[in-house]
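Undergrad: Hey, dropping final-v3.txt in here, compact mmCIF, C-alpha atoms and all ligand atoms:
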```txt
# COMPACT_ATOMS: atom_id res chain seq x y z
CA LYS A 8 106.83 115.05 104.42
CA LYS A 9 105.11 111.87 105.53
CA LEU A 10 106.83 108.53 104.99
CA VAL A 11 104.09 106.43 103.38
CA PHE A 12 104.50 102.65 103.14
CA SER A 13 102.12 99.96 101.96
CA GLY A 14 102.17 96.54 100.32
CA VAL A 15 100.09 94.12 98.29
CA GLN A 16 100.54 90.35 98.19
CA PRO A 17 101.19 88.55 94.91
CA THR A 18 98.53 85.95 95.64
CA GLY A 19 96.25 85.97 92.62
CA ASN A 20 94.12 88.34 90.65
CA LEU A 21 94.01 91.85 91.99
CA HIS A 22 90.45 93.01 92.43
CA LEU A 23 88.42 96.16 92.85
CA GLY A 24 88.75 95.91 96.66
CA ASN A 25 92.56 96.00 96.42
CA TYR A 26 92.29 98.91 93.99
CA LEU A 27 89.82 101.07 95.93
CA GLY A 28 91.00 100.07 99.40
CA ALA A 29 94.70 100.41 98.67
CA ILE A 30 96.25 101.13 95.25
CA ARG A 31 94.14 104.17 94.43
CA LYS A 32 95.11 105.73 97.75
CA PHE A 33 98.77 104.97 97.00
CA VAL A 34 98.44 107.07 93.85
CA ALA A 35 96.74 109.98 95.62
CA LEU A 36 99.37 110.09 98.39
CA GLN A 37 102.29 110.61 96.01
CA GLU A 38 101.91 114.38 96.00
CA GLY A 39 103.95 115.93 98.79
CA ASN A 40 104.94 112.63 100.48
CA ASP A 41 107.78 110.15 100.32
CA CYS A 42 106.16 106.84 99.29
CA ILE A 43 107.42 103.26 99.32
CA TYR A 44 105.15 100.65 97.71
CA CYS A 45 106.01 97.01 97.99
CA VAL A 46 104.95 93.70 96.45
CA VAL A 47 105.01 91.63 99.63
CA ASP A 48 106.16 88.31 98.24
CA LEU A 49 107.45 86.98 101.59
CA HIS A 50 103.93 87.40 103.00
CA SER A 51 102.42 85.48 100.10
CA LEU A 52 104.04 82.23 101.32
CA THR A 53 101.62 82.31 104.26
CA ALA A 54 98.71 82.02 101.83
CA GLN A 55 100.36 79.60 99.41
CA LEU A 56 103.75 78.03 99.97
CA VAL A 57 104.33 76.87 96.39
CA HIS A 58 103.25 79.19 93.57
CA ASP A 59 103.06 78.04 89.94
CA ASP A 60 104.30 81.40 88.70
CA LEU A 61 105.51 83.65 91.52
CA PRO A 62 107.63 85.87 89.23
CA GLY A 63 104.56 86.48 87.04
CA GLN A 64 102.41 87.30 90.08
CA ILE A 65 105.02 89.73 91.42
CA ARG A 66 105.28 91.48 88.04
CA SER A 67 101.51 91.68 87.78
CA ILE A 68 101.18 93.59 91.09
CA ALA A 69 104.05 95.91 90.13
CA ALA A 70 102.37 96.47 86.75
CA ALA A 71 99.10 97.36 88.53
CA PHE A 72 100.96 99.95 90.63
CA ILE A 73 102.54 101.56 87.57
CA ALA A 74 99.41 101.32 85.39
CA SER A 75 97.37 103.00 88.16
CA GLY A 76 99.72 105.99 88.13
CA ILE A 77 102.48 105.36 90.67
CA ASP A 78 105.70 107.06 89.62
CA PRO A 79 108.62 104.69 90.33
CA GLN A 80 111.21 107.43 89.74
CA ARG A 81 109.95 109.83 92.39
CA HIS A 82 108.90 107.04 94.75
CA ILE A 83 110.00 103.45 95.35
CA VAL A 84 108.35 100.31 93.93
CA PHE A 85 110.04 97.00 94.76
CA ASN A 86 109.45 93.44 95.96
CA GLN A 87 109.95 92.57 99.60
CA SER A 88 112.31 89.61 99.22
CA ALA A 89 114.84 91.90 97.48
CA VAL A 90 115.39 93.64 100.84
CA PRO A 91 116.45 91.04 103.44
CA GLN A 92 116.33 93.69 106.19
CA HIS A 93 112.52 93.18 106.35
CA ALA A 94 113.02 89.59 107.51
CA GLU A 95 115.84 90.60 109.85
CA LEU A 96 113.69 93.19 111.65
CA ALA A 97 110.73 90.78 111.66
CA TRP A 98 112.82 88.28 113.63
CA ILE A 99 113.56 90.95 116.25
CA PHE A 100 109.86 91.83 116.36
CA ASN A 101 109.02 88.13 116.81
CA CYS A 102 111.01 88.36 120.02
CA VAL A 103 109.36 91.65 121.06
CA ALA A 104 105.74 90.64 120.32
CA ARG A 105 103.76 88.15 122.43
CA ILE A 106 102.06 85.00 121.11
CA GLY A 107 98.81 86.15 122.72
CA TRP A 108 98.80 89.30 120.57
CA MET A 109 99.11 87.21 117.41
CA ASN A 110 96.50 84.68 118.54
CA ARG A 111 93.94 87.47 118.84
CA MET A 112 94.25 88.61 115.20
CA THR A 113 90.99 88.02 113.31
CA GLN A 114 92.84 87.44 110.03
CA PHE A 115 94.83 84.63 111.69
CA LYS A 116 91.65 83.13 113.16
CA ASP A 117 89.85 83.31 109.78
CA LYS A 118 92.72 81.94 107.73
CA ALA A 119 93.84 79.28 110.21
CA GLY A 120 90.29 77.98 110.58
CA LYS A 121 89.54 75.33 113.20
CA ASP A 122 92.80 73.43 112.89
CA ARG A 123 95.06 76.11 114.39
CA GLU A 124 97.76 73.70 115.47
CA ASN A 125 98.30 72.95 111.81
CA ALA A 126 98.56 76.58 110.63
CA SER A 127 102.05 77.71 109.63
CA LEU A 128 104.15 79.67 112.07
CA GLY A 129 104.46 82.27 109.28
CA LEU A 130 100.69 82.82 109.23
CA LEU A 131 100.74 83.46 113.00
CA ALA A 132 103.73 85.82 112.71
CA TYR A 133 102.35 87.68 109.64
CA PRO A 134 101.67 90.93 111.58
CA SER A 135 105.22 90.93 112.90
CA LEU A 136 106.62 90.93 109.34
CA MET A 137 104.07 93.56 108.36
CA ALA A 138 105.24 95.80 111.23
CA ALA A 139 108.84 95.27 110.06
CA ASP A 140 107.91 96.18 106.46
CA ILE A 141 106.75 99.60 107.62
CA LEU A 142 109.16 100.28 110.47
CA VAL A 143 112.33 99.28 108.61
CA TYR A 144 111.77 102.59 106.76
CA ARG A 145 110.45 104.24 109.94
CA GLY A 146 107.20 104.65 107.99
CA THR A 147 104.51 106.77 109.57
CA HIS A 148 101.46 106.56 107.28
CA VAL A 149 99.97 103.37 105.88
CA PRO A 150 97.12 103.39 103.34
CA VAL A 151 95.22 100.09 103.63
CA GLY A 152 91.75 98.60 103.48
CA ASP A 153 89.70 98.35 106.64
CA ASP A 154 90.63 94.65 107.05
CA GLN A 155 94.21 95.64 107.95
CA LYS A 156 93.31 97.99 110.81
CA GLN A 157 93.95 95.44 113.55
CA HIS A 158 97.39 94.59 112.13
CA LEU A 159 98.36 98.26 112.20
CA GLU A 160 97.29 98.57 115.83
CA LEU A 161 99.58 95.64 116.53
CA ALA A 162 102.42 97.40 114.64
CA ARG A 163 102.00 100.30 117.07
CA ASP A 164 102.09 97.92 120.04
CA ILE A 165 105.27 96.30 118.73
CA ALA A 166 106.94 99.69 118.11
CA MET A 167 105.97 100.90 121.57
CA LYS A 168 107.20 97.76 123.31
CA PHE A 169 110.51 97.96 121.40
CA ASN A 170 110.87 101.63 122.44
CA LEU A 171 110.12 100.80 126.08
CA ASP A 172 112.24 97.63 126.27
CA TYR A 173 115.24 99.36 124.71
CA GLN A 174 114.79 102.87 126.12
CA ASP A 175 118.16 102.99 127.86
CA HIS A 176 119.95 101.49 124.87
CA ILE A 177 118.27 103.96 122.49
CA ARG A 178 119.48 106.78 124.73
CA ARG A 179 122.98 105.34 124.91
CA ALA A 180 123.15 104.96 121.12
CA GLY A 181 121.93 108.56 120.75
CA ARG A 182 119.27 107.44 118.29
CA GLY A 183 115.92 108.46 119.79
CA ILE A 184 113.60 111.31 120.61
CA ASP A 185 111.67 111.98 123.83
CA ILE A 186 107.91 111.50 123.56
CA ILE A 187 105.13 111.33 126.16
CA VAL A 188 102.98 108.21 126.16
CA GLY A 189 100.04 108.50 128.54
CA ASP A 190 101.83 110.41 131.33
CA GLU A 191 105.14 108.62 130.94
CA PRO A 192 108.19 109.98 129.10
CA VAL A 193 109.59 107.44 126.63
CA HIS A 194 112.80 107.69 124.63
CA ALA A 195 111.54 106.40 121.27
CA PHE A 196 113.32 105.18 118.15
CA LEU A 197 110.42 103.69 116.22
CA PRO A 198 107.49 105.95 115.23
CA MET A 199 103.80 105.21 115.85
CA VAL A 200 102.23 104.29 112.52
CA GLU A 201 98.96 105.89 111.42
CA PRO A 202 96.52 103.86 109.33
CA LEU A 203 94.90 105.73 106.39
CA ILE A 204 91.62 103.90 105.91
CA GLU A 205 88.97 106.56 105.24
CA GLY A 206 86.92 106.91 102.03
CA PRO A 207 83.52 105.69 100.80
CA ALA A 208 84.71 102.07 100.23
CA PRO A 209 87.19 101.16 102.96
CA ARG A 210 85.95 97.55 102.76
CA VAL A 211 84.58 96.52 99.37
CA MET A 212 82.26 93.56 99.83
CA SER A 213 81.66 90.49 97.65
CA LEU A 214 79.21 91.03 94.77
CA ARG A 215 77.50 87.75 95.77
CA ASP A 216 77.24 88.35 99.53
CA GLY A 217 77.31 91.83 101.02
CA THR A 218 78.45 90.50 104.39
CA LYS A 219 81.74 89.02 103.09
CA LYS A 220 84.68 91.12 101.88
CA MET A 221 85.65 90.98 98.22
CA SER A 222 88.62 88.64 98.23
CA LYS A 223 91.13 87.00 95.89
CA SER A 224 90.53 83.64 97.52
CA ASP A 225 86.72 83.57 97.07
CA PRO A 226 86.07 80.51 94.87
CA SER A 227 83.38 82.40 92.91
CA ASP A 228 84.87 84.69 90.26
CA LEU A 229 81.45 86.40 90.09
CA SER A 230 82.09 87.70 93.63
CA ARG A 231 84.78 90.14 92.49
CA ILE A 232 85.82 92.44 89.67
CA ASN A 233 89.41 91.66 88.74
CA LEU A 234 91.67 94.42 87.48
CA LEU A 235 92.35 92.33 84.38
CA ASP A 236 88.61 91.74 83.62
CA ASP A 237 87.42 93.03 80.25
CA GLU A 238 84.33 95.17 79.70
CA GLU A 239 82.10 92.14 79.10
CA ALA A 240 83.15 90.46 82.36
CA ILE A 241 82.67 93.66 84.37
CA SER A 242 79.23 94.16 82.86
CA LYS A 243 78.18 90.56 83.55
CA LYS A 244 79.39 90.62 87.15
CA ILE A 245 77.67 93.90 88.01
CA ARG A 246 74.42 92.85 86.29
CA LYS A 247 74.45 89.60 88.26
CA ALA A 248 75.46 91.30 91.54
CA LYS A 249 73.10 90.43 94.38
CA THR A 250 70.66 93.20 95.38
CA ASP A 251 67.39 93.43 97.29
CA PRO A 252 64.01 94.15 95.68
CA ASP A 253 63.86 97.82 96.78
CA GLY A 254 65.24 100.68 94.74
CA LEU A 255 67.89 103.13 95.88
CA PRO A 256 67.05 105.29 98.91
CA GLY A 257 67.41 109.07 98.82
CA GLU A 258 69.32 109.21 102.12
CA ILE A 259 72.26 107.29 103.51
CA GLU A 260 70.13 105.96 106.44
CA GLY A 261 68.11 104.01 103.87
CA LEU A 262 71.16 101.80 103.23
CA LYS A 263 71.14 100.45 106.81
CA GLY A 264 70.55 96.69 106.91
CA ARG A 265 70.99 96.50 103.11
CA PRO A 266 74.64 95.40 102.74
CA GLU A 267 74.49 94.70 98.99
CA ALA A 268 72.91 98.06 98.15
CA ASP A 269 75.33 99.82 100.48
CA ASN A 270 78.27 98.08 98.80
CA LEU A 271 77.26 99.03 95.24
CA VAL A 272 76.65 102.66 96.25
CA GLY A 273 80.03 102.72 98.04
CA ILE A 274 81.77 101.32 94.95
CA TYR A 275 80.11 103.91 92.72
CA ALA A 276 81.03 106.72 95.11
CA ALA A 277 84.67 105.61 95.33
CA LEU A 278 85.01 105.22 91.55
CA ALA A 279 83.37 108.62 90.94
CA ASP A 280 85.32 110.32 93.74
CA LYS A 281 82.08 111.33 95.41
CA THR A 282 80.44 110.69 98.78
CA LYS A 283 77.64 108.14 99.13
CA THR A 284 75.30 111.03 99.96
CA GLU A 285 76.10 112.66 96.61
CA VAL A 286 75.49 109.38 94.77
CA LEU A 287 72.13 108.94 96.50
CA ALA A 288 71.17 112.52 95.66
CA GLU A 289 71.65 111.53 92.01
CA PHE A 290 70.14 108.02 92.02
CA GLY A 291 67.74 108.02 95.02
CA GLY A 292 64.33 106.62 94.02
CA GLN A 293 65.73 104.78 90.97
CA GLN A 294 65.71 101.01 90.51
CA PHE A 295 68.86 98.88 90.33
CA SER A 296 68.01 98.28 86.66
CA VAL A 297 68.95 101.95 86.13
CA PHE A 298 71.80 102.16 88.64
CA LYS A 299 73.67 99.01 87.59
CA PRO A 300 74.25 100.06 83.94
CA ALA A 301 75.52 103.44 85.20
CA LEU A 302 77.88 101.58 87.54
CA VAL A 303 79.07 99.36 84.68
CA ASP A 304 79.86 102.43 82.54
CA LEU A 305 81.73 104.11 85.37
CA ALA A 306 83.70 100.98 86.31
CA VAL A 307 84.71 100.40 82.69
CA GLU A 308 85.67 104.06 82.27
CA VAL A 309 87.94 103.99 85.35
CA LEU A 310 89.35 100.48 85.05
CA SER A 311 89.84 99.90 81.32
CA PRO A 312 92.81 102.30 80.91
CA ILE A 313 94.49 100.57 83.88
CA THR A 314 93.74 97.10 82.48
CA GLY A 315 95.09 98.11 79.05
CA GLU A 316 98.28 99.55 80.51
CA MET A 317 98.78 96.50 82.77
CA ARG A 318 98.50 94.18 79.77
CA ARG A 319 100.95 96.32 77.80
CA LEU A 320 103.48 96.34 80.67
CA LEU A 321 103.18 92.58 81.15
CA ASN A 322 103.81 91.90 77.46
CA ASP A 323 107.48 92.71 77.76
CA THR A 324 108.68 92.20 81.33
CA SER A 325 112.03 94.00 80.97
CA HIS A 326 110.56 97.40 81.94
CA ILE A 327 108.87 96.10 85.11
CA ASP A 328 111.94 94.08 86.05
CA ALA A 329 114.12 97.20 85.73
CA ILE A 330 111.73 99.17 87.95
CA LEU A 331 111.79 96.43 90.61
CA ARG A 332 115.58 96.13 90.46
CA ASN A 333 116.09 99.87 90.82
CA GLY A 334 113.45 100.14 93.57
CA GLY A 335 115.02 97.21 95.41
CA GLU A 336 118.43 98.89 95.44
CA ARG A 337 117.07 102.16 96.76
CA ALA A 338 114.89 100.41 99.36
CA ARG A 339 117.82 98.28 100.53
CA ALA A 340 119.98 101.35 101.19
CA ARG A 341 117.26 102.95 103.28
CA ALA A 342 116.37 99.79 105.18
CA GLU A 343 120.05 99.16 105.93
CA ALA A 344 120.39 102.63 107.48
CA THR A 345 117.59 101.80 109.95
CA MET A 346 118.99 98.33 110.64
CA LYS A 347 122.45 99.73 111.47
CA ASP A 348 120.78 101.78 114.21
CA VAL A 349 118.67 98.82 115.35
CA ARG A 350 121.75 96.60 115.60
CA ASP A 351 123.56 99.32 117.59
CA ILE A 352 120.60 99.74 119.91
CA ILE A 353 120.30 96.01 120.58
CA GLY A 354 124.06 95.55 120.92
CA PHE A 355 124.85 93.25 118.01
CA LEU A 356 128.40 93.36 116.67
CA TYR A 357 128.49 93.48 112.90
N1 LIG B 401 87.63 93.89 99.95
C1 LIG B 401 88.53 94.84 100.19
N2 LIG B 401 88.14 96.12 100.36
C2 LIG B 401 89.05 97.11 100.60
N3 LIG B 401 90.38 96.87 100.67
C3 LIG B 401 90.80 95.60 100.49
N4 LIG B 401 92.02 95.05 100.50
C4 LIG B 401 91.92 93.72 100.27
N5 LIG B 401 90.63 93.39 100.11
C5 LIG B 401 89.91 94.53 100.25
C6 LIG B 401 93.26 95.81 100.71
O1 LIG B 401 94.13 95.54 99.64
C7 LIG B 401 95.46 95.63 100.12
C8 LIG B 401 96.23 94.47 99.65
O2 LIG B 401 95.68 93.28 100.15
P1 LIG B 401 96.60 92.00 100.20
O3 LIG B 401 96.96 91.59 98.85
O4 LIG B 401 97.71 92.24 101.12
O5 LIG B 401 95.82 90.86 100.86
P2 LIG B 401 94.41 90.52 101.24
O6 LIG B 401 93.81 91.53 102.13
O7 LIG B 401 94.60 89.17 101.82
O8 LIG B 401 93.65 90.46 99.84
P3 LIG B 401 92.43 89.55 99.60
O9 LIG B 401 91.94 89.78 98.26
O10 LIG B 401 91.43 89.72 100.65
O11 LIG B 401 93.06 88.12 99.66
P4 LIG B 401 92.54 86.87 100.47
O12 LIG B 401 91.54 86.27 99.61
O13 LIG B 401 93.79 86.06 100.60
O14 LIG B 401 92.00 87.34 101.78
C9 LIG B 401 95.39 95.76 101.63
O15 LIG B 401 95.60 97.12 101.98
C10 LIG B 401 93.98 95.35 101.95
O16 LIG B 401 93.49 96.02 103.09
```
Would you put the structure from the file into structure tokens?

TA:
Amino acid sequence: KKLVFSGVQPTGNLHLGNYLGAIRKFVALQEGNDCIYCVVDLHSLTAQLVHDDLPGQIRSIAAAFIASGIDPQRHIVFNQSAVPQHAELAWIFNCVARIGWMNRMTQFKDKAGKDRENASLGLLAYPSLMAADILVYRGTHVPVGDDQKQHLELARDIAMKFNLDYQDHIRRAGRGIDIIVGDEPVHAFLPMVEPLIEGPAPRVMSLRDGTKKMSKSDPSDLSRINLLDDEEAISKKIRKAKTDPDGLPGEIEGLKGRPEADNLVGIYAALADKTKTEVLAEFGGQQFSVFKPALVDLAVEVLSPITGEMRRLLNDTSHIDAILRNGGERARARAEATMKDVRDIIGFLY
């Protein structure tokens, strides 16, 4: 069994990129794996320190998980701040990781902008908390969108440095296993995480600009399809989506240098559970005036049951709150088991 972990921030409207890049994969991975899915509310303070309605945002992400088909009985759904062990391990990782590693993260550079001195320390340390989220459960497999790849490489670097720095202590505590890294034997406690990024839409792009990723923080609502959009909004946004004057090519090579066309074909393929090649075999040679209505129908067919169920769940919050409470308790017990070992390895008395 793989230990699958992933999280989504409660920072605004969930969109099709979050769904195709992350949540849909969460659902698919439930069979045969042990999955922990988290609403990462501690992370959301790096985007926005003061939220008007943080409880509502947290419930909305949890509702999207459940409405998409995640089973909170067999797996764990909870919010990050309910398990203080995430922050405890993140502090240790802040001491393991190097500032230079954090400074090189493209998400930090993008979000901090030019005035880096004025960015929060939390934004810089974001990948350290993300590594702790996963490794506090000794998670091994992490389904994410392509934008998170660099952070997962950093999580591996942090785990490896922890294993190397504390090798003798891990051995003394009797908590590790011997692995070979390069040609060197290492006595490891923390596993190397594997990103799960594949699929036809690992990075869903903005509907207004095929070179920018679809994002919650884009000021234009026309740039994204929100999971709570109704049929009319979905239809309007896809009809207005930017395209080029050519029709659809018959082969995948014909999408090169055409980011908007590539994006819409990728979205269709992901929603239909097909490859882009299969979609082009069906629509190659057609105009966007034919393809876009087909994409609207498909998007509505896939998303409207989720939207309906999300709305229903959010009407009466007691069900979602009970799921989060129960998930939080189970997550806390598991995280505490790892932290007991970590404290022993480091040498803390507790
Ligand atoms: N455009 C995207 N395509 C594919 N996957 C995406 N993800 C986000 N955008 C896309 C994936 O969704 C998961 C949850 O993301 P998040 O909530 O942690 O934060 P984010 O990446 O910051 O989301 P946004 O919408 O892009 O927010 P802003 O506007 O703040 O930048 C992750 O697995 C992510 O890869």

Undergrad: Could you pull out the residues sitting within 7 Å of ligand LIG 401 (chain B), using all atoms listed in the file, and write them as a PyMOL selection string?

TA: chain A and resi 14-18+21-22+24-29+54+150-155+208-212+220-225

Undergrad: Counting all atoms listed in the file, which residues sit no farther than 8 Å from the position (85.5, 110.4, 99.4) in the file's frame? I'd like them as a short mmCIF file (atom, residue, chain, number, x, y, z; two decimals) with C-alpha atoms, in the frame of the given file.

TA:
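After the write, out.cif holds the following:
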```cif
data_model
loop_
_atom_site.label_atom_id
_atom_site.label_comp_id
_atom_site.auth_asym_id
_atom_site.auth_seq_id
_atom_site.Cartn_x
_atom_site.Cartn_y
_atom_site.Cartn_z
CA GLU A 205 88.97 106.56 105.24
CA GLY A 206 86.92 106.91 102.03
CA PRO A 207 83.52 105.69 100.80
CA ALA A 276 81.03 106.72 95.11
CA ALA A 277 84.67 105.61 95.33
CA ASP A 280 85.32 110.32 93.74
CA LYS A 281 82.08 111.33 95.41
CA THR A 282 80.44 110.69 98.78
#
```

Undergrad: Could you please determine the separation between CA of Ile330 (chain A) and CA of Ile313 (chain A) in Å, to one decimal place?

TA: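 For CA of Ile330 (chain A) relative to CA of Ile313 (chain A), the distance reads 17.8 Å.
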
Undergrad: In Å to one decimal, how far is CA of Asp48 (chain A) from CA of Phe169 (chain A)?

TA: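 One can read the CA of Phe169 (chain A) to CA of Asp48 (chain A) distance as 25.5 Å.
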
Undergrad: Name the closest residue to Glu267 (chain A) among the candidates A:Leu310, A:Leu214, A:Val103, A:Ile241; distances are taken between atoms, counting only C-alpha atoms.

TA: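 For Glu267 (chain A), the nearest of the candidates is A:Leu214.
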
Undergrad: Using all atoms listed in the file, which of the listed residues (A:Asp216, A:Asp164, A:Asp175, A:Glu191) sits closest to Pro134 (chain A)?

TA: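 For Pro134 (chain A), the nearest of the given residues is A:Asp164.
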
Undergrad: Compile the contact shell of region 43-45 of chain A as a PyMOL selection string: residues with an atom at most 6 Å away, counting only C-alpha atoms, same-chain residues fewer than 4 positions apart removed.

TA: chain A and resi 12-14+83-86

Undergrad: Out of A:Leu128, A:Ile186, A:Ala119, A:Ala89, which residue has the shortest atom-to-atom distance to Arg337 (chain A) when counting only C-alpha atoms?

TA: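 Selected residue with least distance to Arg337 (chain A): A:Ala89.
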
Undergrad: Give me the residues within 9 Å of region 249-264 of chain A as a ChimeraX atom specification, counting all atoms listed in the file and dropping any in the same chain fewer than 6 places off.

TA: /A:214-217,271-272,283-284,287-296,298

Undergrad: If I put a ball of radius 9 Å at (103.0, 91.9, 111.5) in the file's coordinates, which residues poke into it when counting all atoms listed in the file, written as a list of chain:residue names?

TA: A:Ala97, A:Phe100, A:Asn101, A:Met109, A:Leu131, A:Ala132, A:Tyr133, A:Pro134, A:Ser135, A:Leu136, A:Met137, A:Ala138, A:Ala139, A:Asp140, A:His158, A:Leu159, A:Leu161, A:Ala162, A:Ile165

Undergrad: Got time to write the residues from that selection, C-alpha atoms, as a PDB file, in the frame of the given file?

TA:
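File written: again_18.pdb
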```
ATOM      1  CA  ALA A  97     110.730  90.780 111.660  1.00  0.00           C
ATOM      2  CA  PHE A 100     109.860  91.830 116.360  1.00  0.00           C
ATOM      3  CA  ASN A 101     109.020  88.130 116.810  1.00  0.00           C
ATOM      4  CA  MET A 109      99.110  87.210 117.410  1.00  0.00           C
ATOM      5  CA  LEU A 131     100.740  83.460 113.000  1.00  0.00           C
ATOM      6  CA  ALA A 132     103.730  85.820 112.710  1.00  0.00           C
ATOM      7  CA  TYR A 133     102.350  87.680 109.640  1.00  0.00           C
ATOM      8  CA  PRO A 134     101.670  90.930 111.580  1.00  0.00           C
ATOM      9  CA  SER A 135     105.220  90.930 112.900  1.00  0.00           C
ATOM     10  CA  LEU A 136     106.620  90.930 109.340  1.00  0.00           C
ATOM     11  CA  MET A 137     104.070  93.560 108.360  1.00  0.00           C
ATOM     12  CA  ALA A 138     105.240  95.800 111.230  1.00  0.00           C
ATOM     13  CA  ALA A 139     108.840  95.270 110.060  1.00  0.00           C
ATOM     14  CA  ASP A 140     107.910  96.180 106.460  1.00  0.00           C
ATOM     15  CA  HIS A 158      97.390  94.590 112.130  1.00  0.00           C
ATOM     16  CA  LEU A 159      98.360  98.260 112.200  1.00  0.00           C
ATOM     17  CA  LEU A 161      99.580  95.640 116.530  1.00  0.00           C
ATOM     18  CA  ALA A 162     102.420  97.400 114.640  1.00  0.00           C
ATOM     19  CA  ILE A 165     105.270  96.300 118.730  1.00  0.00           C
TER      20      ILE A 165
END
```

Undergrad: CA of Gly146 (chain A) to CA of Leu197 (chain A): how many Å, to one decimal?

TA: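 Distance reported for this atom pair: 8.9 Å.
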
Undergrad: Find the spatial neighbours of Ala340 (chain A), counting only C-alpha atoms, within a cut-off of 12 Å - ignore same-chain residues fewer than 6 positions away - and output them as a list in words.

TA: Ile83, Ala89, Val90, Pro91, Gln92, Val143, Tyr144, Asn333, Gly334, Met346 and Lys347 of chain A

Undergrad: Give the centre and edge lengths of an axis-aligned box, in Å to one decimal, that holds all listed atoms of region 97-115 of chain A with 3 Å on each side, as lines of an AutoDock Vina configuration file.

TA:
```
center_x = 102.3
center_y = 88.2
center_z = 116.4
size_x = 28.6
size_y = 13.2
size_z = 18.7
```

Undergrad: Between A:Pro312, A:Gly183, A:Gly354, A:Gly335, which residue has the minimum interatomic distance to Ile73 (chain A), considering only C-alpha atoms?

TA: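 Using only C-alpha atoms, Ile73 (chain A) sits closest to A:Pro312.
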
Undergrad: Return the single residue from A:Asp228, A:Gly189, A:Pro62, A:Lys168 that is closest to Arg105 (chain A), with distances computed using only C-alpha atoms.

TA: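 Once distances to Arg105 (chain A) are computed over only C-alpha atoms, the minimum belongs to A:Lys168.
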